[in-house]
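Below is one structure, written out as structure tokens; comments come after it.
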Amino acid sequence: MNSNIKENIKFNKMRNNNLFSGCIHQDEFCNRISRAHSIQNNGILNKLSRNSEVMAIDFSKVYLDKGNFKLFKVGRDKASTFTGFCNHHDSSIFSPIENNDYKPTDSQHNFLFAYRAFALGYYERYSAYQLIKARVEDDPRNLHTELGARYRLYDDHLKVIENYKIIMNKYLDNSRFDRITTDVLIWPQEYGFASTSMFFIEKDNEGKTINKMNSYISPFFFTFFPHEGKTYVLMSYFTKDKSKYRFIRDQILTLSMEEQRIAISNLIALYIENVFISPDLWDNLPSSTREKYYQICNTSKGKTKPNKLVAFKNFNLFV
């Protein structure tokens, strides 16, 4: 066994030992922690799958390729699972969107999709922080490297995320679904792609700064899924930050459908790791598009972003 494989085994053991496991909506009704799906398994992932597999980033293999992202076939029962809710809350909170058709004008539906994106984002950031902390404790010399800088950044960032958790749970408990605004794109065709994620957009398409470090940052909640012959793209944010995200309506919703697909393709490649793609869609993409996707992912995720949101004018995952 070569040293790289040994290091990968050690890394994955450390990663698995530090994954967040708890309920985002902790209260007296909590029971056993669930392996919840961030994307509906029986409805959406089943539709995307071929031989019960979808294309996704396999984080257990990222370390082997020097941290580069690559899509692998993953079983749909395993895909998108995270330990962010107990069984009770995973079932009760999301019942309105799990057991009913999505209605784009339903504020509760839109809130719950945003809430699930937040929950996954909380899980991912808490898990990343715990992993970085474990690596620093394993080798204190890491404190003086880029890893040490990330450790300090995540320590501050988690304080912000904890506050978001309080806010989101308060909105949920009081049915203040109006406190989240959602802009929706509806494309008249199903695309074999699904995603949910929370992130912080840095620039709009005119180069204006949306979120800047060391100042107030506003989360963006993103959900993408095919359903009943259409594809839905949900872009959500705190209603109080509506002016900050005005560019979604002015610079994305007003575009032609072809331009919208390019804009969303850019956003996905620049910001989102939690993606699930139909093997059929992936196989039918031009090789140049697949290569461009990897190039954008590996030069932007966790790194400096381009000066505009739609930096790659001819990049389209939805041809």
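Please note that chains go A, B, ... in the order of the structure tokens, that every chain numbers its residues from 1, and that ligands are numbered from 1 in the order shown.
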
Using only C-alpha atoms, find each residue in region 156-230 of chain A having at least one atom no more than 10 Å away from region 74-94 of chain A; report its shortest atom-to-atom pair and that distance in Å (one decimal), rows by chain then rising number, as a Markdown table.
| residue | atom | partner | partner_atom | distance |
| --- | --- | --- | --- | --- |
| A:Leu172 | CA | A:Ile93 | CA | 8.7 |
| A:Asp173 | CA | A:Ile93 | CA | 9.9 |
| A:Ser195 | CA | A:Ser80 | CA | 9.0 |
| A:Thr196 | CA | A:Ser80 | CA | 9.3 |

Produce a table with one row for each residue of region 253-280 of chain A that has an atom at most 12 Å from any atom of region 224-241 of chain A, each row naming the nearest atom pair and its distance in Å at one decimal; use only C-alpha atoms; arrange rows by chain and rising residue number; format as CSV.
residue,atom,partner,partner_atom,distance
A:Leu253,CA,A:Met235,CA,10.5
A:Met257,CA,A:Thr231,CA,11.9
A:Gln260,CA,A:Val233,CA,10.2
A:Arg261,CA,A:Val233,CA,10.1
A:Ala263,CA,A:Val233,CA,11.6
A:Ile264,CA,A:Val233,CA,8.6
A:Ser265,CA,A:Phe224,CA,11.2
A:Leu267,CA,A:Met235,CA,11.1
A:Ile268,CA,A:Phe224,CA,9.9
A:Ile272,CA,A:Phe224,CA,11.2
A:Asn274,CA,A:Phe224,CA,10.8
A:Val275,CA,A:Phe224,CA,9.3
A:Phe276,CA,A:Phe225,CA,9.8
A:Ile277,CA,A:Phe225,CA,10.4
A:Ser278,CA,A:Pro226,CA,11.2

Original post:
Suppose you want the space between CA of Asn211 (chain A) and CA of Asn298 (chain A); what is it in Å?
Top reply: 21.4 Å

Subject >> Surrounding residues of Lys159 (chain A) excluding itself and chain neighbours under 6 positions, 12 Å, only C-alpha atoms, as JSON, numbers by chain >> reply: {"A": [122, 125, 126, 129, 152, 153, 165, 166]}

**OP:** Within region 73-252 of chain A, find each residue whose DSSP state, derived from the backbone, is strand (DSSP E), and express the selection as a count of residues only.
**Re:** 41

For Leu45 (chain A), list every protein, DNA or RNA residue within 8 Å, evaluated using only C-alpha atoms, and leave out those in the same chain fewer than 2 positions away; present the list as a PDB file with N, CA and C atoms, in the first residue's frame.
ATOM      1  N   ILE A  39     -31.572  15.805  -0.858  1.00  0.00           N
ATOM      2  CA  ILE A  39     -32.384  15.718  -2.076  1.00  0.00           C
ATOM      3  C   ILE A  39     -33.280  14.502  -1.925  1.00  0.00           C
ATOM      4  N   GLN A  40     -34.567  14.660  -2.213  1.00  0.00           N
ATOM      5  CA  GLN A  40     -35.515  13.559  -2.042  1.00  0.00           C
ATOM      6  C   GLN A  40     -35.055  12.314  -2.801  1.00  0.00           C
ATOM      7  N   ASN A  41     -34.970  11.205  -2.071  1.00  0.00           N
ATOM      8  CA  ASN A  41     -34.420   9.976  -2.636  1.00  0.00           C
ATOM      9  C   ASN A  41     -35.394   9.298  -3.612  1.00  0.00           C
ATOM     10  N   ASN A  42     -36.575   8.946  -3.128  1.00  0.00           N
ATOM     11  CA  ASN A  42     -37.506   8.178  -3.951  1.00  0.00           C
ATOM     12  C   ASN A  42     -38.038   8.969  -5.146  1.00  0.00           C
ATOM     13  N   GLY A  43     -38.225  10.275  -4.968  1.00  0.00           N
ATOM     14  CA  GLY A  43     -38.763  11.078  -6.055  1.00  0.00           C
ATOM     15  C   GLY A  43     -37.698  11.566  -7.013  1.00  0.00           C
ATOM     16  N   LYS A  47     -35.356   9.394 -10.045  1.00  0.00           N
ATOM     17  CA  LYS A  47     -35.584   9.857 -11.422  1.00  0.00           C
ATOM     18  C   LYS A  47     -34.256  10.094 -12.147  1.00  0.00           C
ATOM     19  N   LEU A  48     -33.246  10.591 -11.407  1.00  0.00           N
ATOM     20  CA  LEU A  48     -31.950  10.893 -12.009  1.00  0.00           C
ATOM     21  C   LEU A  48     -31.107   9.646 -12.241  1.00  0.00           C
ATOM     22  N   SER A  49     -31.343   8.604 -11.468  1.00  0.00           N
ATOM     23  CA  SER A  49     -30.403   7.484 -11.405  1.00  0.00           C
ATOM     24  C   SER A  49     -30.462   6.570 -12.634  1.00  0.00           C
ATOM     25  N   VAL A  54     -26.131   7.734  -9.306  1.00  0.00           N
ATOM     26  CA  VAL A  54     -26.068   9.086  -9.841  1.00  0.00           C
ATOM     27  C   VAL A  54     -24.610   9.541  -9.836  1.00  0.00           C
ATOM     28  N   ARG A  76     -27.743   5.844  -5.146  1.00  0.00           N
ATOM     29  CA  ARG A  76     -28.679   6.908  -4.761  1.00  0.00           C
ATOM     30  C   ARG A  76     -29.107   6.809  -3.301  1.00  0.00           C
ATOM     31  N   ALA A 194     -29.848  17.749  -9.870  1.00  0.00           N
ATOM     32  CA  ALA A 194     -30.470  18.211  -8.627  1.00  0.00           C
ATOM     33  C   ALA A 194     -29.394  18.721  -7.680  1.00  0.00           C
ATOM     34  N   PHE A 276     -25.935  16.452  -7.895  1.00  0.00           N
ATOM     35  CA  PHE A 276     -26.257  15.094  -8.291  1.00  0.00           C
ATOM     36  C   PHE A 276     -26.754  15.136  -9.733  1.00  0.00           C
TER      37      PHE A 276
END

Original post:
Quick one: residues within 7 Å of region 308-310 of chain A, only C-alpha atoms counted, chain neighbours fewer than 3 positions away excluded, as a PyMOL selection string?
Top reply: chain A and resi 203-207+263+266-267+313

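Nearest to Asn169 (chain A) of all the residues A:Asn17, A:Ser256, A:Asn316, A:Gln26 is A:Gln26, based on only C-alpha atoms.
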
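Nearest residue to Lys303 (chain A) among A:Lys133, A:Arg150, A:Lys13, A:Arg179 is A:Arg150, counting only C-alpha atoms.
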
Subject >> helix (DSSP H, G or I) positions in region 64-267 of chain A, given as a VMD selection string >> reply: chain A and resid 64 to 65 87 to 98 107 to 138 140 to 144 146 to 173 177 to 179 239 to 241 246 to 253 257 to 267
